[in-house]
file my_file.txt (compact mmCIF, N, CA and C atoms)
# COMPACT_ATOMS: atom_id res chain seq x y z
N MET A 1 2.47 4.91 11.17
CA MET A 1 1.48 4.43 10.24
C MET A 1 2.13 4.31 8.86
N LYS A 2 1.72 3.29 8.11
CA LYS A 2 2.31 3.03 6.81
C LYS A 2 1.17 2.84 5.80
N THR A 3 1.32 3.43 4.61
CA THR A 3 0.34 3.25 3.56
C THR A 3 0.76 2.07 2.70
N LYS A 4 -0.20 1.19 2.43
CA LYS A 4 0.06 -0.01 1.62
C LYS A 4 -0.97 -0.12 0.52
N GLU A 5 -0.67 -0.95 -0.45
CA GLU A 5 -1.58 -1.26 -1.54
C GLU A 5 -1.81 -2.76 -1.59
N LYS A 6 -3.01 -3.15 -1.95
CA LYS A 6 -3.30 -4.56 -2.24
C LYS A 6 -4.01 -4.58 -3.58
N VAL A 7 -3.56 -5.45 -4.45
CA VAL A 7 -4.15 -5.56 -5.77
C VAL A 7 -5.06 -6.78 -5.80
N ILE A 8 -6.29 -6.56 -6.25
CA ILE A 8 -7.29 -7.62 -6.37
C ILE A 8 -7.55 -7.83 -7.86
N ASN A 9 -7.36 -9.05 -8.33
CA ASN A 9 -7.57 -9.36 -9.74
C ASN A 9 -8.80 -10.24 -9.91
N LEU A 10 -9.73 -9.80 -10.73
CA LEU A 10 -10.93 -10.57 -11.04
C LEU A 10 -11.03 -10.74 -12.55
N ILE A 11 -11.55 -11.87 -12.99
CA ILE A 11 -11.77 -12.11 -14.41
C ILE A 11 -13.19 -12.65 -14.58
N ILE A 12 -13.98 -11.95 -15.38
CA ILE A 12 -15.27 -12.49 -15.79
C ILE A 12 -14.99 -13.29 -17.07
N PRO A 13 -15.14 -14.61 -17.01
CA PRO A 13 -14.84 -15.41 -18.20
C PRO A 13 -15.84 -15.14 -19.34
N GLN A 14 -15.38 -15.31 -20.56
CA GLN A 14 -16.25 -15.17 -21.73
C GLN A 14 -17.52 -15.97 -21.51
N GLY A 15 -18.67 -15.36 -21.78
CA GLY A 15 -19.96 -16.03 -21.64
C GLY A 15 -20.57 -15.91 -20.25
N SER A 16 -19.86 -15.31 -19.29
CA SER A 16 -20.38 -15.12 -17.93
C SER A 16 -20.64 -13.63 -17.69
N LYS A 17 -21.25 -13.32 -16.55
CA LYS A 17 -21.49 -11.91 -16.25
C LYS A 17 -21.11 -11.50 -14.83
N GLU A 18 -20.35 -12.35 -14.10
CA GLU A 18 -19.93 -11.96 -12.76
C GLU A 18 -18.67 -12.71 -12.34
N ALA A 19 -17.85 -12.01 -11.55
CA ALA A 19 -16.68 -12.62 -10.92
C ALA A 19 -16.59 -12.10 -9.50
N THR A 20 -16.23 -12.97 -8.56
CA THR A 20 -16.09 -12.56 -7.16
C THR A 20 -14.80 -13.13 -6.60
N LEU A 21 -14.29 -12.45 -5.58
CA LEU A 21 -13.11 -12.94 -4.86
C LEU A 21 -13.28 -12.59 -3.39
N LEU A 22 -13.26 -13.60 -2.55
CA LEU A 22 -13.33 -13.42 -1.09
C LEU A 22 -11.90 -13.50 -0.57
N THR A 23 -11.43 -12.41 0.06
CA THR A 23 -10.05 -12.37 0.54
C THR A 23 -9.95 -11.48 1.77
N ALA A 24 -8.91 -11.70 2.54
CA ALA A 24 -8.66 -10.89 3.73
C ALA A 24 -7.80 -9.69 3.37
N LEU A 25 -8.00 -8.60 4.09
CA LEU A 25 -7.12 -7.44 4.00
C LEU A 25 -6.37 -7.34 5.31
N GLU A 26 -5.14 -6.88 5.24
CA GLU A 26 -4.35 -6.68 6.44
C GLU A 26 -5.09 -5.73 7.38
N ASN A 27 -4.92 -5.93 8.68
CA ASN A 27 -5.61 -5.09 9.66
C ASN A 27 -5.19 -3.63 9.46
N GLY A 28 -6.15 -2.75 9.27
CA GLY A 28 -5.85 -1.34 9.04
C GLY A 28 -7.08 -0.57 8.64
N TYR A 29 -6.87 0.55 7.97
CA TYR A 29 -7.93 1.47 7.60
C TYR A 29 -7.86 1.70 6.09
N VAL A 30 -8.92 1.32 5.37
CA VAL A 30 -8.95 1.48 3.92
C VAL A 30 -9.27 2.93 3.58
N LEU A 31 -8.38 3.57 2.85
CA LEU A 31 -8.55 4.96 2.43
C LEU A 31 -9.39 5.06 1.16
N GLY A 32 -9.10 4.20 0.20
CA GLY A 32 -9.81 4.26 -1.07
C GLY A 32 -9.35 3.17 -2.00
N ALA A 33 -9.87 3.22 -3.23
CA ALA A 33 -9.53 2.22 -4.23
C ALA A 33 -9.74 2.79 -5.63
N GLU A 34 -9.14 2.12 -6.59
CA GLU A 34 -9.39 2.41 -8.00
C GLU A 34 -9.45 1.08 -8.73
N VAL A 35 -10.17 1.05 -9.85
CA VAL A 35 -10.32 -0.18 -10.63
C VAL A 35 -9.96 0.10 -12.09
N HIS A 36 -9.15 -0.79 -12.64
CA HIS A 36 -8.79 -0.74 -14.07
C HIS A 36 -9.43 -1.96 -14.73
N THR A 37 -9.85 -1.80 -15.97
CA THR A 37 -10.51 -2.90 -16.67
C THR A 37 -10.28 -2.81 -18.17
N ASN A 38 -10.41 -3.96 -18.84
CA ASN A 38 -10.39 -3.96 -20.30
C ASN A 38 -11.81 -3.96 -20.86
N HIS A 39 -12.81 -3.81 -19.99
CA HIS A 39 -14.21 -3.78 -20.41
C HIS A 39 -14.47 -2.51 -21.21
N ALA A 40 -14.94 -2.66 -22.44
CA ALA A 40 -15.15 -1.49 -23.30
C ALA A 40 -16.52 -1.48 -23.97
N ASP A 41 -17.37 -2.43 -23.64
CA ASP A 41 -18.69 -2.52 -24.27
C ASP A 41 -19.65 -1.57 -23.54
N VAL A 42 -19.87 -0.39 -24.11
CA VAL A 42 -20.71 0.62 -23.44
C VAL A 42 -22.18 0.20 -23.35
N ASP A 43 -22.58 -0.78 -24.16
CA ASP A 43 -23.96 -1.26 -24.10
C ASP A 43 -24.16 -2.34 -23.04
N ASN A 44 -23.09 -2.78 -22.39
CA ASN A 44 -23.15 -3.81 -21.36
C ASN A 44 -22.52 -3.23 -20.09
N MET A 45 -23.30 -2.52 -19.32
CA MET A 45 -22.78 -1.79 -18.16
C MET A 45 -22.05 -2.71 -17.18
N ALA A 46 -20.86 -2.27 -16.76
CA ALA A 46 -20.06 -3.00 -15.78
C ALA A 46 -20.13 -2.27 -14.45
N GLU A 47 -20.19 -3.05 -13.36
CA GLU A 47 -20.25 -2.51 -12.00
C GLU A 47 -19.22 -3.21 -11.14
N PHE A 48 -18.84 -2.54 -10.04
CA PHE A 48 -17.89 -3.10 -9.09
C PHE A 48 -18.39 -2.78 -7.69
N ALA A 49 -18.16 -3.70 -6.73
CA ALA A 49 -18.62 -3.53 -5.36
C ALA A 49 -17.69 -4.26 -4.40
N ILE A 50 -17.76 -3.85 -3.12
CA ILE A 50 -17.04 -4.55 -2.06
C ILE A 50 -18.01 -4.77 -0.90
N ASN A 51 -18.15 -6.03 -0.46
CA ASN A 51 -18.97 -6.38 0.70
C ASN A 51 -18.09 -6.96 1.79
N ASP A 52 -18.48 -6.76 3.05
CA ASP A 52 -17.72 -7.40 4.12
C ASP A 52 -18.15 -8.86 4.24
N ASP A 53 -17.52 -9.60 5.16
CA ASP A 53 -17.78 -11.04 5.26
C ASP A 53 -19.18 -11.40 5.75
N SER A 54 -19.96 -10.42 6.20
CA SER A 54 -21.34 -10.69 6.57
C SER A 54 -22.31 -10.26 5.47
N GLY A 55 -21.77 -9.83 4.32
CA GLY A 55 -22.61 -9.47 3.18
C GLY A 55 -23.02 -8.01 3.13
N ILE A 56 -22.56 -7.21 4.07
CA ILE A 56 -22.91 -5.79 4.11
C ILE A 56 -21.98 -5.02 3.17
N ALA A 57 -22.57 -4.19 2.32
CA ALA A 57 -21.79 -3.42 1.35
C ALA A 57 -20.97 -2.34 2.06
N VAL A 58 -19.66 -2.37 1.86
CA VAL A 58 -18.81 -1.27 2.32
C VAL A 58 -18.58 -0.29 1.18
N ALA A 59 -18.79 -0.75 -0.04
CA ALA A 59 -18.79 0.09 -1.24
C ALA A 59 -19.87 -0.50 -2.15
N LYS A 60 -21.01 0.16 -2.19
CA LYS A 60 -22.14 -0.35 -2.96
C LYS A 60 -21.79 -0.47 -4.44
N SER A 61 -22.45 -1.42 -5.08
CA SER A 61 -22.23 -1.66 -6.50
C SER A 61 -22.52 -0.38 -7.28
N SER A 62 -21.53 0.04 -8.07
CA SER A 62 -21.70 1.24 -8.88
C SER A 62 -20.94 1.09 -10.19
N HIS A 63 -21.31 1.91 -11.16
CA HIS A 63 -20.72 1.88 -12.50
C HIS A 63 -19.20 1.92 -12.41
N ILE A 64 -18.56 1.20 -13.27
CA ILE A 64 -17.10 1.07 -13.25
C ILE A 64 -16.41 2.43 -13.39
N ASP A 65 -17.02 3.38 -14.09
CA ASP A 65 -16.42 4.70 -14.24
C ASP A 65 -16.30 5.42 -12.90
N HIS A 66 -17.16 5.08 -11.96
CA HIS A 66 -17.12 5.69 -10.63
C HIS A 66 -15.88 5.24 -9.85
N TRP A 67 -15.23 4.17 -10.30
CA TRP A 67 -14.05 3.62 -9.63
C TRP A 67 -12.74 4.06 -10.28
N LYS A 68 -12.82 4.90 -11.32
CA LYS A 68 -11.60 5.36 -11.98
C LYS A 68 -10.88 6.38 -11.12
N ARG A 69 -9.56 6.41 -11.26
CA ARG A 69 -8.75 7.37 -10.53
C ARG A 69 -9.04 8.77 -11.05
N ARG A 70 -9.15 9.72 -10.11
CA ARG A 70 -9.48 11.09 -10.47
C ARG A 70 -8.21 11.88 -10.77
N GLU A 71 -8.20 12.56 -11.88
CA GLU A 71 -7.05 13.36 -12.31
C GLU A 71 -7.02 14.69 -11.56
N GLY A 72 -5.82 15.20 -11.34
CA GLY A 72 -5.65 16.52 -10.77
C GLY A 72 -5.76 16.60 -9.26
N ALA A 73 -5.97 15.49 -8.60
CA ALA A 73 -6.08 15.48 -7.13
C ALA A 73 -4.77 14.96 -6.55
N GLY A 74 -4.61 15.12 -5.25
CA GLY A 74 -3.45 14.55 -4.57
C GLY A 74 -3.54 13.04 -4.58
N PHE A 75 -2.47 12.37 -4.17
CA PHE A 75 -2.41 10.91 -4.21
C PHE A 75 -3.62 10.26 -3.54
N HIS A 76 -3.90 10.60 -2.30
CA HIS A 76 -5.00 9.97 -1.57
C HIS A 76 -6.36 10.41 -2.09
N ASP A 77 -6.46 11.65 -2.55
CA ASP A 77 -7.74 12.17 -3.02
C ASP A 77 -8.11 11.70 -4.42
N SER A 78 -7.17 11.09 -5.12
CA SER A 78 -7.45 10.66 -6.49
C SER A 78 -8.19 9.33 -6.55
N TYR A 79 -8.20 8.58 -5.46
CA TYR A 79 -8.90 7.29 -5.41
C TYR A 79 -10.34 7.47 -4.98
N LYS A 80 -11.19 6.49 -5.32
CA LYS A 80 -12.57 6.50 -4.82
C LYS A 80 -12.48 6.38 -3.30
N PRO A 81 -13.00 7.36 -2.55
CA PRO A 81 -12.89 7.30 -1.09
C PRO A 81 -13.78 6.19 -0.51
N LEU A 82 -13.22 5.40 0.41
CA LEU A 82 -13.97 4.32 1.04
C LEU A 82 -14.05 4.49 2.56
N GLN A 83 -12.94 4.75 3.21
CA GLN A 83 -12.90 5.08 4.64
C GLN A 83 -13.58 4.05 5.55
N PHE A 84 -12.96 2.86 5.68
CA PHE A 84 -13.48 1.87 6.62
C PHE A 84 -12.34 1.05 7.22
N GLU A 85 -12.56 0.56 8.45
CA GLU A 85 -11.61 -0.31 9.15
C GLU A 85 -11.75 -1.73 8.63
N THR A 86 -10.63 -2.42 8.46
CA THR A 86 -10.70 -3.80 8.02
C THR A 86 -11.06 -4.75 9.16
N ASN A 87 -10.63 -4.44 10.37
CA ASN A 87 -10.98 -5.23 11.56
C ASN A 87 -10.79 -6.73 11.37
N ALA A 88 -9.74 -7.13 10.68
CA ALA A 88 -9.41 -8.54 10.47
C ALA A 88 -10.54 -9.33 9.81
N LYS A 89 -11.37 -8.67 9.00
CA LYS A 89 -12.45 -9.33 8.29
C LYS A 89 -11.97 -9.74 6.90
N THR A 90 -12.76 -10.60 6.28
CA THR A 90 -12.57 -10.89 4.87
C THR A 90 -13.57 -10.05 4.08
N PHE A 91 -13.25 -9.80 2.84
CA PHE A 91 -14.10 -8.95 2.01
C PHE A 91 -14.34 -9.63 0.67
N ASN A 92 -15.54 -9.44 0.14
CA ASN A 92 -15.92 -10.01 -1.13
C ASN A 92 -15.88 -8.91 -2.19
N PHE A 93 -14.99 -9.04 -3.15
CA PHE A 93 -14.87 -8.09 -4.25
C PHE A 93 -15.69 -8.64 -5.41
N ILE A 94 -16.56 -7.81 -5.99
CA ILE A 94 -17.53 -8.28 -6.98
C ILE A 94 -17.48 -7.40 -8.23
N ALA A 95 -17.27 -8.03 -9.37
CA ALA A 95 -17.36 -7.35 -10.67
C ALA A 95 -18.48 -8.03 -11.43
N LYS A 96 -19.35 -7.22 -12.04
CA LYS A 96 -20.44 -7.82 -12.80
C LYS A 96 -20.85 -6.93 -13.95
N THR A 97 -21.47 -7.56 -14.94
CA THR A 97 -22.00 -6.86 -16.09
C THR A 97 -23.48 -7.22 -16.24
N LYS A 98 -24.20 -6.43 -17.00
CA LYS A 98 -25.64 -6.67 -17.17
C LYS A 98 -25.91 -7.93 -17.99
N THR A 99 -25.08 -8.18 -19.00
CA THR A 99 -25.23 -9.38 -19.82
C THR A 99 -23.86 -10.08 -19.92
N ALA A 100 -23.86 -11.29 -20.41
CA ALA A 100 -22.62 -12.06 -20.52
C ALA A 100 -21.61 -11.33 -21.42
N VAL A 101 -20.34 -11.41 -21.02
CA VAL A 101 -19.28 -10.72 -21.79
C VAL A 101 -18.86 -11.56 -22.99
N ALA A 102 -18.44 -10.88 -24.06
CA ALA A 102 -18.05 -11.55 -25.30
C ALA A 102 -16.62 -12.08 -25.24
N LYS A 103 -15.81 -11.57 -24.31
CA LYS A 103 -14.42 -12.03 -24.15
C LYS A 103 -14.08 -11.98 -22.66
N ASP A 104 -13.00 -12.66 -22.27
CA ASP A 104 -12.55 -12.58 -20.87
C ASP A 104 -12.38 -11.11 -20.51
N THR A 105 -12.97 -10.70 -19.39
CA THR A 105 -12.97 -9.29 -18.98
C THR A 105 -12.29 -9.17 -17.63
N TYR A 106 -11.22 -8.37 -17.59
CA TYR A 106 -10.38 -8.25 -16.42
C TYR A 106 -10.73 -7.01 -15.60
N PHE A 107 -10.71 -7.15 -14.29
CA PHE A 107 -10.89 -6.04 -13.36
C PHE A 107 -9.71 -6.10 -12.38
N ASN A 108 -8.97 -5.03 -12.31
CA ASN A 108 -7.79 -4.94 -11.46
C ASN A 108 -8.05 -3.82 -10.46
N ALA A 109 -8.37 -4.18 -9.21
CA ALA A 109 -8.67 -3.20 -8.17
C ALA A 109 -7.43 -2.97 -7.32
N VAL A 110 -7.09 -1.71 -7.11
CA VAL A 110 -5.98 -1.34 -6.24
C VAL A 110 -6.58 -0.70 -4.99
N VAL A 111 -6.42 -1.38 -3.86
CA VAL A 111 -6.95 -0.90 -2.58
C VAL A 111 -5.81 -0.25 -1.81
N ILE A 112 -6.01 0.99 -1.37
CA ILE A 112 -5.01 1.74 -0.62
C ILE A 112 -5.46 1.79 0.83
N TYR A 113 -4.58 1.38 1.76
CA TYR A 113 -4.96 1.43 3.17
C TYR A 113 -3.77 1.72 4.05
N SER A 114 -4.06 2.18 5.25
CA SER A 114 -3.03 2.48 6.24
C SER A 114 -3.02 1.38 7.27
N ILE A 115 -1.82 1.00 7.67
CA ILE A 115 -1.68 0.04 8.76
C ILE A 115 -0.79 0.65 9.82
N ILE A 116 -0.97 0.22 11.04
CA ILE A 116 -0.11 0.67 12.14
C ILE A 116 0.89 -0.44 12.40
N GLU A 117 2.14 -0.11 12.23
CA GLU A 117 3.20 -1.10 12.46
C GLU A 117 3.54 -1.13 13.94
N GLU A 118 3.54 -2.32 14.48
CA GLU A 118 3.92 -2.48 15.88
C GLU A 118 5.42 -2.67 15.95
N LYS A 119 6.06 -1.90 16.81
CA LYS A 119 7.50 -2.01 16.96
C LYS A 119 7.81 -3.12 17.95
N CYS A 120 8.85 -3.85 17.66
CA CYS A 120 9.27 -4.92 18.56
C CYS A 120 9.84 -4.32 19.85
N LYS A 121 9.42 -4.89 20.93
CA LYS A 121 9.97 -4.44 22.23
C LYS A 121 11.13 -5.33 22.60
N SER A 122 12.14 -4.73 23.14
CA SER A 122 13.29 -5.49 23.54
C SER A 122 12.96 -6.32 24.77
N LEU A 123 13.40 -7.58 24.75
CA LEU A 123 13.16 -8.46 25.90
C LEU A 123 14.08 -8.11 27.04
N ALA A 124 15.24 -7.58 26.74
CA ALA A 124 16.19 -7.19 27.78
C ALA A 124 15.81 -5.83 28.34
N GLN A 125 15.72 -5.73 29.62
CA GLN A 125 15.35 -4.44 30.22
C GLN A 125 16.39 -3.93 31.12
call {"tool": "encode", "arguments": {"input": "my_file.txt", "output": "structure tokens"}}
result
Amino acid sequence: MKTKEKVINLIIPQGSKEATLLTALENGYVLGAEVHTNHADVDNMAEFAINDDSGIAVAKSSHIDHWKRREGAGFHDSYKPLQFETNAKTFNFIAKTKTAVAKDTYFNAVVIYSIIEEKCKSLAQ
């Protein structure tokens, strides 16, 4: 088993209040994630969520602070725990704010997951 990272970049353009990205994750098991942002307007709450390709939330929309990396924990325990199989699905990553943002607002999500590497079998026996 191998641990990998995938970085998801979202930008809410100035004057908007939501950004989404539909993308596939490599087949494996998602351990957790963390989100970094330049959003600093405390009066305009920012949220982040992940839905599977059928629209079911695998990580319900929650305040951006809930997605910050936790200090003092081990590597895997420091991320927001998610614990789900990717099963070759696509996932919708969603960043949103309550009101339109005054400047381009970036969300950088780091998804940590384990994959099982298949070893090549020799054709010669």
call {"tool": "select_by_dssp", "arguments": {"input": "my_file.txt", "residues": "chain A", "states": "strand (DSSP E or B)", "output": "JSON, numbers by chain"}}
result
{"A": [2, 3, 4, 5, 6, 7, 8, 9, 10, 11, 12, 18, 19, 20, 21, 22, 23, 24, 29, 30, 31, 32, 33, 34, 35, 36, 37, 46, 47, 48, 49, 50, 51, 52, 57, 58, 59, 60, 61, 62, 63, 80, 81, 82, 83, 84, 85, 90, 91, 92, 93, 94, 95, 96, 97, 105, 106, 107, 108, 109, 110, 111, 112, 113, 114, 115]}
call {"tool": "residues_near_point", "arguments": {"input": "my_file.txt", "point": "(-8.1, 2.7, -4.7)", "cutoff": "8 Å", "atoms": "only N, CA and C atoms", "output": "PyMOL selection string"}}
result
chain A and resi 31-35+67-69+78-82+109-113
call {"tool": "atom_distance", "arguments": {"input": "my_file.txt", "atom1": "CA of Gly15 in chain A", "atom2": "CA of Ala102 in chain A"}}
result
6.1 Å
call {"tool": "select_by_dssp", "arguments": {"input": "my_file.txt", "residues": "chain A", "states": "helix (DSSP H, G or I)", "output": "PDB file with N, CA and C atoms, keeping the file's coordinate frame"}}
result
ATOM      1  N   ILE A  64     -18.560   1.200 -13.270  1.00  0.00           N
ATOM      2  CA  ILE A  64     -17.100   1.070 -13.250  1.00  0.00           C
ATOM      3  C   ILE A  64     -16.410   2.430 -13.390  1.00  0.00           C
ATOM      4  N   ASP A  65     -17.020   3.380 -14.090  1.00  0.00           N
ATOM      5  CA  ASP A  65     -16.420   4.700 -14.240  1.00  0.00           C
ATOM      6  C   ASP A  65     -16.300   5.420 -12.900  1.00  0.00           C
ATOM      7  N   HIS A  66     -17.160   5.080 -11.960  1.00  0.00           N
ATOM      8  CA  HIS A  66     -17.120   5.690 -10.630  1.00  0.00           C
ATOM      9  C   HIS A  66     -15.880   5.240  -9.850  1.00  0.00           C
ATOM     10  N   TRP A  67     -15.230   4.170 -10.300  1.00  0.00           N
ATOM     11  CA  TRP A  67     -14.050   3.620  -9.630  1.00  0.00           C
ATOM     12  C   TRP A  67     -12.740   4.060 -10.280  1.00  0.00           C
ATOM     13  N   HIS A  76      -3.900  10.600  -2.300  1.00  0.00           N
ATOM     14  CA  HIS A  76      -5.000   9.970  -1.570  1.00  0.00           C
ATOM     15  C   HIS A  76      -6.360  10.410  -2.090  1.00  0.00           C
ATOM     16  N   ASP A  77      -6.460  11.650  -2.550  1.00  0.00           N
ATOM     17  CA  ASP A  77      -7.740  12.170  -3.020  1.00  0.00           C
ATOM     18  C   ASP A  77      -8.110  11.700  -4.420  1.00  0.00           C
ATOM     19  N   SER A  78      -7.170  11.090  -5.120  1.00  0.00           N
ATOM     20  CA  SER A  78      -7.450  10.660  -6.490  1.00  0.00           C
ATOM     21  C   SER A  78      -8.190   9.330  -6.550  1.00  0.00           C
TER      22      SER A  78
END
call {"tool": "closest_residue", "arguments": {"input": "my_file.txt", "among": "A:Gln83, A:Asn92, A:Thr20, A:Asn108", "to": "Ala49 in chain A", "atoms": "only N, CA and C atoms"}}
result
A:Asn92
call {"tool": "residues_around", "arguments": {"input": "my_file.txt", "residues": "Phe93 in chain A", "least_positions_apart": "6", "cutoff": "6.5 Å", "atoms": "all atoms listed in the file", "output": "ChimeraX atom specification"}}
result
/A:19-23,49-51
call {"tool": "residues_around", "arguments": {"input": "my_file.txt", "residues": "Ser62 in chain A", "least_positions_apart": "2", "cutoff": "8 Å", "atoms": "only C-alpha atoms", "output": "list in words"}}
result
Glu47, Phe48, Ala49, Lys60, Ile64 and His66 of chain A
call {"tool": "closest_residue", "arguments": {"input": "my_file.txt", "among": "A:Asn87, A:Ser61, A:Asn9, A:Thr3", "to": "Ala46 in chain A", "atoms": "only N, CA and C atoms"}}
result
A:Ser61
call {"tool": "atom_distance", "arguments": {"input": "my_file.txt", "atom1": "atom C of Lys96 in chain A", "atom2": "CA of Ile12 in chain A"}}
result
8.1 Å
call {"tool": "closest_residue", "arguments": {"input": "my_file.txt", "among": "A:Phe84, A:Tyr29, A:Phe91, A:Phe107", "to": "Ile8 in chain A", "atoms": "only N, CA and C atoms"}}
result
A:Phe107
call {"tool": "atom_distance", "arguments": {"input": "my_file.txt", "atom1": "CA of Asp65 in chain A", "atom2": "atom C of Gln14 in chain A"}}
result
21.9 Å
call {"tool": "build_atoms", "arguments": {"input": "my_file.txt", "residues": "range 107-115 of chain A", "atoms": "all heavy atoms", "output": "mmCIF file, in the coordinates of the input"}}
result
data_model
loop_
_atom_site.group_PDB
_atom_site.id
_atom_site.type_symbol
_atom_site.label_atom_id
_atom_site.label_comp_id
_atom_site.auth_asym_id
_atom_site.auth_seq_id
_atom_site.Cartn_x
_atom_site.Cartn_y
_atom_site.Cartn_z
ATOM 1 N N PHE A 107 -10.710 -7.150 -14.290
ATOM 2 C CA PHE A 107 -10.890 -6.040 -13.360
ATOM 3 C C PHE A 107 -9.710 -6.100 -12.380
ATOM 4 O O PHE A 107 -9.502 -7.109 -11.724
ATOM 5 C CB PHE A 107 -12.215 -6.152 -12.604
ATOM 6 C CG PHE A 107 -13.410 -5.993 -13.499
ATOM 7 C CD1 PHE A 107 -13.893 -7.060 -14.236
ATOM 8 C CD2 PHE A 107 -14.041 -4.768 -13.616
ATOM 9 C CE1 PHE A 107 -14.984 -6.924 -15.067
ATOM 10 C CE2 PHE A 107 -15.135 -4.612 -14.451
ATOM 11 C CZ PHE A 107 -15.608 -5.696 -15.181
ATOM 12 N N ASN A 108 -8.970 -5.030 -12.310
ATOM 13 C CA ASN A 108 -7.790 -4.940 -11.460
ATOM 14 C C ASN A 108 -8.050 -3.820 -10.460
ATOM 15 O O ASN A 108 -8.026 -2.650 -10.814
ATOM 16 C CB ASN A 108 -6.567 -4.639 -12.327
ATOM 17 C CG ASN A 108 -5.296 -4.561 -11.547
ATOM 18 O OD1 ASN A 108 -4.940 -3.494 -11.081
ATOM 19 N ND2 ASN A 108 -4.617 -5.667 -11.424
ATOM 20 N N ALA A 109 -8.370 -4.180 -9.210
ATOM 21 C CA ALA A 109 -8.670 -3.200 -8.170
ATOM 22 C C ALA A 109 -7.430 -2.970 -7.320
ATOM 23 O O ALA A 109 -6.797 -3.917 -6.861
ATOM 24 C CB ALA A 109 -9.815 -3.680 -7.286
ATOM 25 N N VAL A 110 -7.090 -1.710 -7.110
ATOM 26 C CA VAL A 110 -5.980 -1.340 -6.240
ATOM 27 C C VAL A 110 -6.580 -0.700 -4.990
ATOM 28 O O VAL A 110 -7.195 0.360 -5.066
ATOM 29 C CB VAL A 110 -5.018 -0.348 -6.944
ATOM 30 C CG1 VAL A 110 -3.862 0.007 -6.019
ATOM 31 C CG2 VAL A 110 -4.516 -0.929 -8.256
ATOM 32 N N VAL A 111 -6.420 -1.380 -3.860
ATOM 33 C CA VAL A 111 -6.950 -0.900 -2.580
ATOM 34 C C VAL A 111 -5.810 -0.250 -1.810
ATOM 35 O O VAL A 111 -4.754 -0.854 -1.629
ATOM 36 C CB VAL A 111 -7.554 -2.067 -1.762
ATOM 37 C CG1 VAL A 111 -8.092 -1.581 -0.434
ATOM 38 C CG2 VAL A 111 -8.643 -2.771 -2.574
ATOM 39 N N ILE A 112 -6.010 0.990 -1.370
ATOM 40 C CA ILE A 112 -5.010 1.740 -0.620
ATOM 41 C C ILE A 112 -5.460 1.790 0.830
ATOM 42 O O ILE A 112 -6.585 2.192 1.126
ATOM 43 C CB ILE A 112 -4.886 3.190 -1.151
ATOM 44 C CG1 ILE A 112 -4.625 3.197 -2.652
ATOM 45 C CG2 ILE A 112 -3.823 3.955 -0.390
ATOM 46 C CD1 ILE A 112 -3.346 2.542 -3.072
ATOM 47 N N TYR A 113 -4.580 1.380 1.760
ATOM 48 C CA TYR A 113 -4.960 1.430 3.170
ATOM 49 C C TYR A 113 -3.770 1.720 4.050
ATOM 50 O O TYR A 113 -2.617 1.586 3.644
ATOM 51 C CB TYR A 113 -5.705 0.173 3.600
ATOM 52 C CG TYR A 113 -4.973 -1.130 3.451
ATOM 53 C CD1 TYR A 113 -4.400 -1.764 4.540
ATOM 54 C CD2 TYR A 113 -4.882 -1.754 2.219
ATOM 55 C CE1 TYR A 113 -3.750 -2.975 4.406
ATOM 56 C CE2 TYR A 113 -4.237 -2.960 2.079
ATOM 57 C CZ TYR A 113 -3.667 -3.563 3.173
ATOM 58 O OH TYR A 113 -3.020 -4.760 3.037
ATOM 59 N N SER A 114 -4.060 2.180 5.250
ATOM 60 C CA SER A 114 -3.030 2.480 6.240
ATOM 61 C C SER A 114 -3.020 1.380 7.270
ATOM 62 O O SER A 114 -4.072 0.901 7.699
ATOM 63 C CB SER A 114 -3.320 3.807 6.939
ATOM 64 O OG SER A 114 -3.175 4.867 6.038
ATOM 65 N N ILE A 115 -1.820 1.000 7.670
ATOM 66 C CA ILE A 115 -1.680 0.040 8.760
ATOM 67 C C ILE A 115 -0.790 0.650 9.820
ATOM 68 O O ILE A 115 0.033 1.524 9.534
ATOM 69 C CB ILE A 115 -1.087 -1.314 8.283
ATOM 70 C CG1 ILE A 115 0.299 -1.113 7.676
ATOM 71 C CG2 ILE A 115 -2.019 -2.002 7.327
ATOM 72 C CD1 ILE A 115 1.044 -2.402 7.459
#
